[in-house]
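Text of the file protein.txt, holding compact mmCIF, C-alpha atoms and all ligand atoms:
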# COMPACT_ATOMS: atom_id res chain seq x y z
CA MET A 1 29.85 5.57 9.82
CA ASN A 2 27.61 2.71 10.85
CA HIS A 3 28.63 -0.48 9.06
CA LEU A 4 25.59 -2.74 8.71
CA ALA A 5 26.31 -6.35 9.73
CA ALA A 6 25.70 -9.32 7.41
CA SER A 7 22.78 -10.39 9.62
CA GLU A 8 21.04 -6.99 9.32
CA LEU A 9 21.55 -5.91 5.71
CA ILE A 10 21.29 -9.34 4.11
CA LEU A 11 22.68 -9.66 0.60
CA ASN A 12 22.53 -12.75 -1.59
CA GLN A 13 25.67 -14.24 -3.21
CA ASP A 14 25.11 -12.19 -6.37
CA GLY A 15 24.94 -8.98 -4.31
CA SER A 16 21.14 -8.63 -4.52
CA ILE A 17 18.95 -7.71 -1.54
CA TYR A 18 17.65 -10.70 0.42
CA HIS A 19 13.91 -11.08 -0.31
CA LEU A 20 13.40 -8.96 -3.41
CA ASN A 21 16.49 -10.50 -5.05
CA LEU A 22 17.19 -7.18 -6.79
CA LEU A 23 20.36 -5.21 -7.51
CA PRO A 24 20.34 -1.40 -7.13
CA GLU A 25 20.50 -0.78 -10.88
CA GLN A 26 17.42 -2.95 -11.48
CA ILE A 27 14.88 -0.50 -10.01
CA ALA A 28 13.49 2.81 -11.20
CA GLN A 29 12.69 5.82 -8.99
CA THR A 30 8.98 5.30 -9.69
CA ILE A 31 7.66 2.11 -8.14
CA LEU A 32 4.21 0.56 -8.60
CA LEU A 33 3.24 -1.90 -5.88
CA VAL A 34 0.49 -4.50 -6.33
CA GLY A 35 -0.58 -7.32 -4.04
CA ASP A 36 -1.14 -10.00 -6.64
CA GLN A 37 1.89 -11.47 -8.51
CA ASN A 38 -0.23 -11.89 -11.63
CA ARG A 39 -1.09 -8.17 -11.67
CA VAL A 40 2.55 -7.25 -12.51
CA GLU A 41 2.16 -8.36 -16.13
CA LYS A 42 -1.29 -6.80 -16.29
CA ILE A 43 0.59 -3.51 -15.89
CA THR A 44 3.74 -4.16 -17.93
CA GLN A 45 1.68 -5.38 -20.91
CA TYR A 46 1.24 -1.63 -21.55
CA PHE A 47 5.00 -0.89 -21.31
CA ASP A 48 7.15 -0.01 -24.35
CA THR A 49 9.96 -2.23 -23.06
CA VAL A 50 10.67 -4.54 -20.10
CA GLU A 51 14.34 -4.78 -19.15
CA VAL A 52 14.19 -6.67 -15.78
CA VAL A 53 12.13 -9.69 -14.70
CA VAL A 54 12.97 -11.15 -11.26
CA LYS A 55 10.84 -13.50 -9.14
CA LYS A 56 11.38 -14.70 -5.59
CA ARG A 57 8.59 -15.98 -3.35
CA GLU A 58 5.61 -13.61 -3.78
CA PHE A 59 7.87 -10.78 -4.92
CA HIS A 60 7.67 -10.52 -8.69
CA THR A 61 9.46 -7.51 -10.16
CA GLN A 62 9.50 -6.07 -13.65
CA THR A 63 11.25 -2.85 -14.68
CA GLY A 64 10.70 -1.16 -18.01
CA THR A 65 9.47 2.01 -19.63
CA TYR A 66 5.97 3.34 -20.19
CA LYS A 67 5.79 6.20 -22.71
CA GLY A 68 9.49 6.74 -22.08
CA LYS A 69 9.26 6.82 -18.25
CA ARG A 70 11.25 4.15 -16.38
CA ILE A 71 8.98 2.34 -13.90
CA THR A 72 9.37 -0.70 -11.65
CA VAL A 73 6.38 -2.88 -10.79
CA ILE A 74 6.63 -5.18 -7.74
CA SER A 75 4.13 -7.56 -6.19
CA THR A 76 4.12 -7.47 -2.41
CA GLY A 77 1.80 -10.39 -1.68
CA ILE A 78 -0.83 -9.81 0.98
CA GLY A 79 -0.39 -7.87 4.20
CA THR A 80 1.55 -5.18 6.01
CA ASP A 81 4.14 -7.73 7.18
CA ASN A 82 5.25 -8.04 3.55
CA ILE A 83 5.20 -4.25 3.19
CA ASP A 84 7.79 -4.05 5.99
CA ILE A 85 10.10 -6.19 3.85
CA VAL A 86 9.39 -4.50 0.52
CA LEU A 87 9.70 -0.89 1.75
CA ASN A 88 12.86 -1.49 3.78
CA GLU A 89 14.53 -3.39 0.93
CA LEU A 90 13.50 -0.83 -1.72
CA ASP A 91 14.93 1.93 0.44
CA ALA A 92 18.13 -0.05 1.00
CA LEU A 93 18.50 -0.47 -2.78
CA VAL A 94 18.70 3.32 -3.24
CA ASN A 95 19.96 4.66 0.09
CA ILE A 96 22.53 2.12 1.32
CA ASP A 97 25.86 1.44 -0.39
CA PHE A 98 25.99 -2.36 -0.71
CA ASP A 99 29.82 -2.37 -1.07
CA THR A 100 30.62 -0.38 2.09
CA ARG A 101 27.35 -1.40 3.89
CA GLU A 102 26.95 2.21 4.94
CA ILE A 103 24.05 4.65 4.53
CA LYS A 104 24.72 6.93 1.56
CA PRO A 105 25.22 10.63 2.37
CA GLU A 106 22.80 11.66 -0.43
CA HIS A 107 19.15 10.57 -0.03
CA THR A 108 17.23 9.26 -3.05
CA GLN A 109 13.47 9.72 -2.94
CA LEU A 110 11.18 7.12 -4.52
CA ASP A 111 7.61 7.58 -5.71
CA ILE A 112 5.71 4.53 -4.45
CA ILE A 113 2.21 4.02 -5.83
CA ARG A 114 0.07 1.07 -4.83
CA ILE A 115 -2.54 -0.21 -7.30
CA GLY A 116 -4.69 -2.50 -5.20
CA THR A 117 -8.14 -3.96 -4.75
CA SER A 118 -10.36 -2.93 -1.87
CA GLY A 119 -13.86 -3.09 -0.39
CA SER A 120 -15.92 0.07 0.13
CA ILE A 121 -17.78 0.44 3.44
CA GLN A 122 -19.83 3.46 2.28
CA GLN A 123 -22.96 2.81 0.25
CA GLU A 124 -22.29 5.74 -2.09
CA ILE A 125 -18.86 4.44 -3.22
CA PRO A 126 -19.86 1.75 -5.71
CA VAL A 127 -18.06 -1.30 -7.06
CA ASP A 128 -15.92 -0.66 -10.17
CA SER A 129 -15.02 2.85 -8.95
CA ILE A 130 -11.49 4.15 -8.33
CA LEU A 131 -10.55 5.70 -4.99
CA LEU A 132 -7.42 7.55 -3.91
CA SER A 133 -6.46 7.08 -0.26
CA HIS A 134 -5.87 10.62 1.00
CA LEU A 135 -5.52 9.16 4.50
CA ALA A 136 -4.90 5.66 5.82
CA VAL A 137 -5.49 4.10 9.22
CA GLY A 138 -3.54 1.02 10.26
CA PHE A 139 -4.98 -1.49 12.70
CA ASP A 140 -1.99 -3.76 12.08
CA SER A 141 0.55 -2.44 14.68
CA LEU A 142 3.54 -2.35 12.27
CA LEU A 143 4.25 1.34 12.74
CA HIS A 144 4.33 1.01 16.53
CA PHE A 145 7.61 -0.95 16.25
CA TYR A 146 9.28 2.15 14.72
CA GLN A 147 9.86 5.66 16.12
CA SER A 148 6.86 6.85 14.14
CA ASP A 149 5.03 9.29 16.43
CA GLU A 150 6.04 12.34 14.38
CA ILE A 151 4.42 11.14 11.18
CA GLN A 152 1.14 9.97 12.75
CA LEU A 153 -1.93 12.21 12.87
CA GLU A 154 -2.44 12.00 16.62
CA ASP A 155 -5.80 13.79 16.75
CA PHE A 156 -7.21 11.20 14.31
CA ASN A 157 -5.66 8.38 16.37
CA LYS A 158 -7.33 9.62 19.53
CA ALA A 159 -10.70 10.29 17.86
CA LEU A 160 -10.67 6.75 16.42
CA GLU A 161 -9.77 5.16 19.74
CA ARG A 162 -12.69 6.95 21.37
CA HIS A 163 -15.17 6.10 18.62
CA LEU A 164 -14.21 2.45 18.05
CA ASP A 165 -13.73 1.42 21.69
CA ILE A 166 -11.20 -1.20 20.52
CA TYR A 167 -10.67 -4.41 22.52
CA ASP A 168 -7.75 -3.64 24.83
CA ARG A 169 -5.63 -6.58 23.61
CA ASN A 170 -5.72 -5.27 20.02
CA SER A 171 -3.19 -2.73 18.82
CA LYS A 172 -4.07 0.94 18.67
CA PRO A 173 -4.88 2.53 15.27
CA TYR A 174 -2.39 4.85 13.58
CA VAL A 175 -3.36 7.41 10.93
CA VAL A 176 -0.97 8.60 8.21
CA ALA A 177 -1.49 10.83 5.15
CA ALA A 178 -0.62 10.26 1.50
CA ASP A 179 1.92 12.45 -0.26
CA GLN A 180 0.17 15.68 -1.26
CA HIS A 181 2.04 16.05 -4.59
CA LEU A 182 0.97 12.59 -5.71
CA ILE A 183 -2.61 13.29 -4.58
CA ALA A 184 -2.62 16.40 -6.78
CA GLN A 185 -1.08 14.49 -9.71
CA PHE A 186 -3.56 11.58 -9.55
CA SER A 187 -6.80 13.39 -8.64
CA SER A 188 -9.61 14.00 -11.12
CA PRO A 189 -13.41 14.19 -11.02
CA GLU A 190 -13.41 10.49 -12.08
CA VAL A 191 -12.06 9.22 -8.75
CA TYR A 192 -13.25 9.23 -5.13
CA GLU A 193 -11.31 10.79 -2.27
CA GLY A 194 -10.91 8.20 0.47
CA PHE A 195 -9.68 7.32 3.96
CA THR A 196 -8.52 3.72 3.81
CA GLY A 197 -8.45 1.24 6.70
CA SER A 198 -5.76 -1.47 6.56
CA ASN A 199 -5.97 -4.51 8.77
CA VAL A 200 -4.23 -7.83 9.38
CA GLY A 201 -6.84 -10.08 7.81
CA PHE A 202 -9.60 -10.30 5.24
CA TYR A 203 -12.29 -11.86 7.44
CA ALA A 204 -12.82 -10.84 11.09
CA PRO A 205 -10.34 -7.93 10.87
CA GLN A 206 -12.56 -6.49 8.12
CA GLY A 207 -15.78 -7.49 9.91
CA ARG A 208 -16.55 -10.48 7.64
CA VAL A 209 -18.32 -13.49 9.11
CA LEU A 210 -18.36 -16.91 7.50
CA ARG A 211 -18.43 -19.51 10.32
CA LEU A 212 -16.54 -17.73 13.11
CA PRO A 213 -18.28 -15.06 15.16
CA LEU A 214 -16.65 -11.64 15.63
CA ARG A 215 -15.51 -10.30 18.98
CA ASP A 216 -17.20 -7.00 18.06
CA ASP A 217 -20.30 -7.46 15.87
CA ASN A 218 -20.54 -3.75 15.30
CA MET A 219 -16.95 -3.08 14.16
CA LYS A 220 -17.80 -2.49 10.48
CA GLY A 221 -20.68 -0.21 11.47
CA LYS A 222 -18.46 1.76 13.83
CA LEU A 223 -15.79 2.14 11.13
CA ALA A 224 -18.40 3.38 8.66
CA THR A 225 -19.85 5.96 11.07
CA PHE A 226 -16.51 7.41 12.20
CA SER A 227 -16.04 11.03 11.19
CA HIS A 228 -13.32 13.48 12.20
CA ARG A 229 -12.45 16.83 10.61
CA GLY A 230 -15.02 15.94 7.91
CA LYS A 231 -13.23 12.70 6.94
CA LYS A 232 -15.01 9.33 6.93
CA ILE A 233 -13.38 5.91 6.58
CA THR A 234 -14.30 4.78 3.06
CA ASN A 235 -12.74 1.40 2.30
CA LEU A 236 -10.82 -1.56 3.72
CA GLU A 237 -7.78 -3.48 2.47
CA MET A 238 -4.50 -4.80 3.87
CA GLU A 239 -1.40 -2.72 2.93
CA THR A 240 -1.88 1.05 2.51
CA SER A 241 -1.29 2.16 6.13
CA ALA A 242 2.14 0.53 6.24
CA ILE A 243 3.12 1.85 2.80
CA TYR A 244 2.23 5.40 3.91
CA GLY A 245 3.91 5.11 7.29
CA LEU A 246 7.18 3.56 6.15
CA SER A 247 7.39 5.83 3.07
CA LYS A 248 6.99 8.96 5.22
CA MET A 249 9.60 7.81 7.74
CA LEU A 250 12.07 6.87 4.99
CA GLY A 251 11.54 10.11 3.03
CA HIS A 252 9.66 8.66 0.04
CA ARG A 253 6.38 9.78 -1.53
CA ALA A 254 3.45 7.35 -1.48
CA LEU A 255 -0.08 7.06 -2.79
CA SER A 256 -2.61 4.24 -2.90
CA VAL A 257 -4.97 3.90 -5.87
CA ASN A 258 -7.80 1.51 -5.04
CA SER A 259 -9.96 -0.49 -7.39
CA ILE A 260 -13.21 -0.92 -5.45
CA ILE A 261 -14.34 -4.49 -6.12
CA ALA A 262 -16.72 -5.00 -3.17
CA ASN A 263 -19.31 -2.81 -1.49
CA ARG A 264 -19.69 -4.04 2.08
CA ALA A 265 -22.64 -1.73 2.78
CA THR A 266 -24.79 -3.08 -0.06
CA GLY A 267 -23.33 -6.59 -0.25
CA ASN A 268 -22.30 -6.16 -3.91
CA PHE A 269 -19.21 -7.62 -5.55
CA THR A 270 -17.97 -6.59 -9.00
CA SER A 271 -19.20 -8.74 -11.88
CA ASP A 272 -15.88 -8.26 -13.72
CA GLY A 273 -12.86 -7.90 -11.44
CA ALA A 274 -10.36 -8.07 -14.30
CA GLN A 275 -12.00 -5.14 -16.04
CA ALA A 276 -12.23 -3.10 -12.81
CA ILE A 277 -8.52 -3.58 -12.14
CA ASP A 278 -7.56 -2.89 -15.76
CA LYS A 279 -9.46 0.41 -15.60
CA THR A 280 -7.53 1.36 -12.43
CA ILE A 281 -4.19 0.36 -13.98
CA ARG A 282 -4.83 2.45 -17.11
CA TYR A 283 -5.94 5.41 -14.99
CA ALA A 284 -2.77 5.24 -12.85
CA LEU A 285 -0.42 4.84 -15.83
CA ASP A 286 -2.05 7.78 -17.56
CA LYS A 287 -1.63 10.00 -14.47
CA LEU A 288 1.99 8.91 -14.05
CA VAL A 289 3.01 10.29 -17.42
CA GLY A 290 0.26 12.91 -17.84
O1 LIG A 301 -5.45 -6.81 -4.60
P1 LIG A 301 -4.36 -6.55 -3.60
O2 LIG A 301 -3.40 -5.54 -4.06
O3 LIG A 301 -3.69 -7.83 -3.13
O4 LIG A 301 -5.10 -5.91 -2.31
C1 LIG A 301 -6.18 -6.47 -1.59
O5 LIG A 301 -6.48 -7.81 -1.91
C2 LIG A 301 -5.93 -8.72 -0.93
C3 LIG A 301 -7.05 -9.49 -0.28
O6 LIG A 301 -7.84 -10.15 -1.22
C4 LIG A 301 -5.19 -7.83 0.06
O7 LIG A 301 -3.83 -7.76 -0.31
C5 LIG A 301 -5.90 -6.51 -0.10
O8 LIG A 301 -5.20 -5.39 0.35
O1 LIG A 302 -13.18 -6.27 0.79
C1 LIG A 302 -12.03 -6.34 0.35
C2 LIG A 302 -11.76 -6.42 -1.04
C3 LIG A 302 -10.45 -6.51 -1.44
N1 LIG A 302 -9.47 -6.55 -0.53
C4 LIG A 302 -9.72 -6.49 0.80
O2 LIG A 302 -8.79 -6.56 1.60
N2 LIG A 302 -11.00 -6.37 1.20
In structure tokens, write the structure found in this file.
Ligand SMILES: O=P(O)(O)O[C@H]1O[C@H](CO)[C@@H](O)[C@H]1O
Ligand SMILES: O=c1cc[nH]c(=O)[nH]1
Amino acid sequence: MNHLAASELILNQDGSIYHLNLLPEQIAQTILLVGDQNRVEKITQYFDTVEVVVKKREFHTQTGTYKGKRITVISTGIGTDNIDIVLNELDALVNIDFDTREIKPEHTQLDIIRIGTSGSIQQEIPVDSILLSHLAVGFDSLLHFYQSDEIQLEDFNKALERHLDIYDRNSKPYVVAADQHLIAQFSSPEVYEGFTGSNVGFYAPQGRVLRLPLRDDNMKGKLATFSHRGKKITNLEMETSAIYGLSKMLGHRALSVNSIIANRATGNFTSDGAQAIDKTIRYALDKLVG
């Protein structure tokens, strides 16, 4: 058996995993991920009980029960770099024995559901709507550091490369699907079906211009006009691609539930972000126990 060195599987003095600061017994098998630390309590305010509260850096965790179901809520902060940490450490908490530092023979599968904010790039997907990411495309390169070819949708990758004509020093896009069981569980006529683009920044990587010009002025337009096998890219944010990719490789189920707060096609921004996010949180909690 492979014994993981102290420099690779890093445990704190109290036995908790390095960044999340959590012990294996402190997490549930259903995990809600949010970007914003302050969104954790916006979710657990609806819980019956909260048994764990742990904070380290941007990673704020609370575990409790909602209508009798044990759920853990964790803030990831912004970006797929943080998702690399959160997904690997969550998996280690359930699938590595911290005493022997060996991978457990039995695999535990987590349900990992992101509740995030996002900007629509299609006129017909308005602000204050909820969108499920059936597919995600990563422009962030994280997956390319792993042996991830098997879980990528190569025909989508190639079609995107052709359509976007990406600058050759940028990384190549990778497309990954959500878990089909979670899609079925969370779908309803109330929510949009989407294909979510995740990138490494909020401004130029999402085609936003304040003072700095873009390398490719037409990037947002090209993203919005992409279509392959009847699927269009619908919205942009900064984490879903990595959550889908790492979850698939690690044998977990993942879904991203997006609160659309901006419409980049019309230039609109929600007039009440708190209400839009609360609606998305209540929708997701209802589907989790429904
Ligand atoms: O609201 P969260 O979950 O942080 O998600 C979105 O908001 C942040 C940018 O404002 C990025 O993390 C993006 O993915
Ligand atoms: O446009 C948006 C809105 C929220 N989060 C993003 O990353 N982009």
Between CA of Ser188 (chain A) and CA of Thr270 (chain A), distance in Å (one decimal): 22.3 Å
Given all atoms listed in the file, how would the per-residue table for chain A near ligand LIG 302 (chain A) read, listing every residue at most 10 Å away with its closest atom pair and distance in Å to one decimal, sorted by chain and number, as a Markdown table?
| residue | atom | partner | partner_atom | distance |
| --- | --- | --- | --- | --- |
| A:Gly35 | CA | A:LIG302 | N1 | 9.6 |
| A:Ile78 | CA | A:LIG302 | O2 | 8.6 |
| A:Gly79 | CA | A:LIG302 | O2 | 8.9 |
| A:Gly116 | CA | A:LIG302 | N1 | 7.8 |
| A:Thr117 | CA | A:LIG302 | C3 | 4.8 |
| A:Ser118 | CA | A:LIG302 | C3 | 3.6 |
| A:Gly119 | CA | A:LIG302 | O1 | 3.5 |
| A:Ser120 | CA | A:LIG302 | O1 | 6.9 |
| A:Ile121 | CA | A:LIG302 | O1 | 8.6 |
| A:Gly197 | CA | A:LIG302 | O2 | 9.3 |
| A:Ser198 | CA | A:LIG302 | O2 | 7.7 |
| A:Asn199 | CA | A:LIG302 | O2 | 8.0 |
| A:Val200 | CA | A:LIG302 | O2 | 9.1 |
| A:Gly201 | CA | A:LIG302 | O2 | 7.4 |
| A:Phe202 | CA | A:LIG302 | O2 | 5.3 |
| A:Tyr203 | CA | A:LIG302 | N2 | 8.4 |
| A:Pro205 | CA | A:LIG302 | O2 | 9.5 |
| A:Gln206 | CA | A:LIG302 | N2 | 7.1 |
| A:Gly207 | CA | A:LIG302 | O1 | 9.6 |
| A:Arg208 | CA | A:LIG302 | O1 | 8.7 |
| A:Asn235 | CA | A:LIG302 | O1 | 7.8 |
| A:Leu236 | CA | A:LIG302 | N2 | 5.4 |
| A:Glu237 | CA | A:LIG302 | O2 | 3.4 |
| A:Met238 | CA | A:LIG302 | O2 | 5.2 |
| A:Glu239 | CA | A:LIG302 | O2 | 8.4 |
| A:Asn258 | CA | A:LIG302 | C3 | 9.2 |
| A:Ser259 | CA | A:LIG302 | C3 | 8.5 |
| A:Ile260 | CA | A:LIG302 | C2 | 7.2 |
| A:Ile261 | CA | A:LIG302 | C2 | 6.0 |
| A:Ala262 | CA | A:LIG302 | O1 | 5.5 |
| A:Asn263 | CA | A:LIG302 | O1 | 7.4 |
| A:Arg264 | CA | A:LIG302 | O1 | 7.0 |
| A:Phe269 | CA | A:LIG302 | C2 | 8.8 |
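Here atom O2 of ligand LIG 301 (chain A) stands at a distance of 4.6 Å from CA of Val34 (chain A).
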Counting only C-alpha atoms, the option among A:Pro105, A:Gly290, A:Gly245, A:Gly194 closest to Leu132 (chain A): A:Gly194
CA of Asn218 (chain A) to CA of Leu164 (chain A), straight-line distance in Å: 9.3 Å
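Nearest residue to Asp140 (chain A), choosing from A:Ile74, A:Leu9, A:Ile243, A:Ala265 and counting only C-alpha atoms: A:Ile243.
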Contact residues around region 150-162 of chain A with all atoms listed in the file at 8 Å, ignoring same-chain residues under 2 positions, as number ranges by chain: A: 147-148, 164-166, 172-177, 226, 228, 245, 248-249
For Ala5 (chain A), find every residue with an atom within 10 Å (counting all atoms listed in the file), except residues of its own chain fewer than 5 positions away, and show them as a PDB file with C-alpha atoms, keeping the file's coordinate frame.
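As written to disk, result-v2.pdb reads:
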ATOM      1  CA  ILE A  10      21.290  -9.340   4.110  1.00  0.00           C
ATOM      2  CA  ARG A 101      27.350  -1.400   3.890  1.00  0.00           C
ATOM      3  CA  GLU A 102      26.950   2.210   4.940  1.00  0.00           C
TER       4      GLU A 102
END
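Each of A:Ile17, A:Val137, A:Ile43, A:Ile27 was checked against Ile281 (chain A) using all atoms listed in the file; the smallest atom-to-atom distance is that of A:Ile43.
Each of A:Val257, A:Leu20, A:Ala274, A:Ile83 was checked against Phe59 (chain A) using all atoms listed in the file; the smallest atom-to-atom distance is that of A:Leu20.
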Spatial neighbours of Thr63 (chain A), max dist 9 Å, all atoms listed in the file, sep filter under 5 positions, as a PyMOL selection string: chain A and resi 26-28+31+44+49-53+70-74
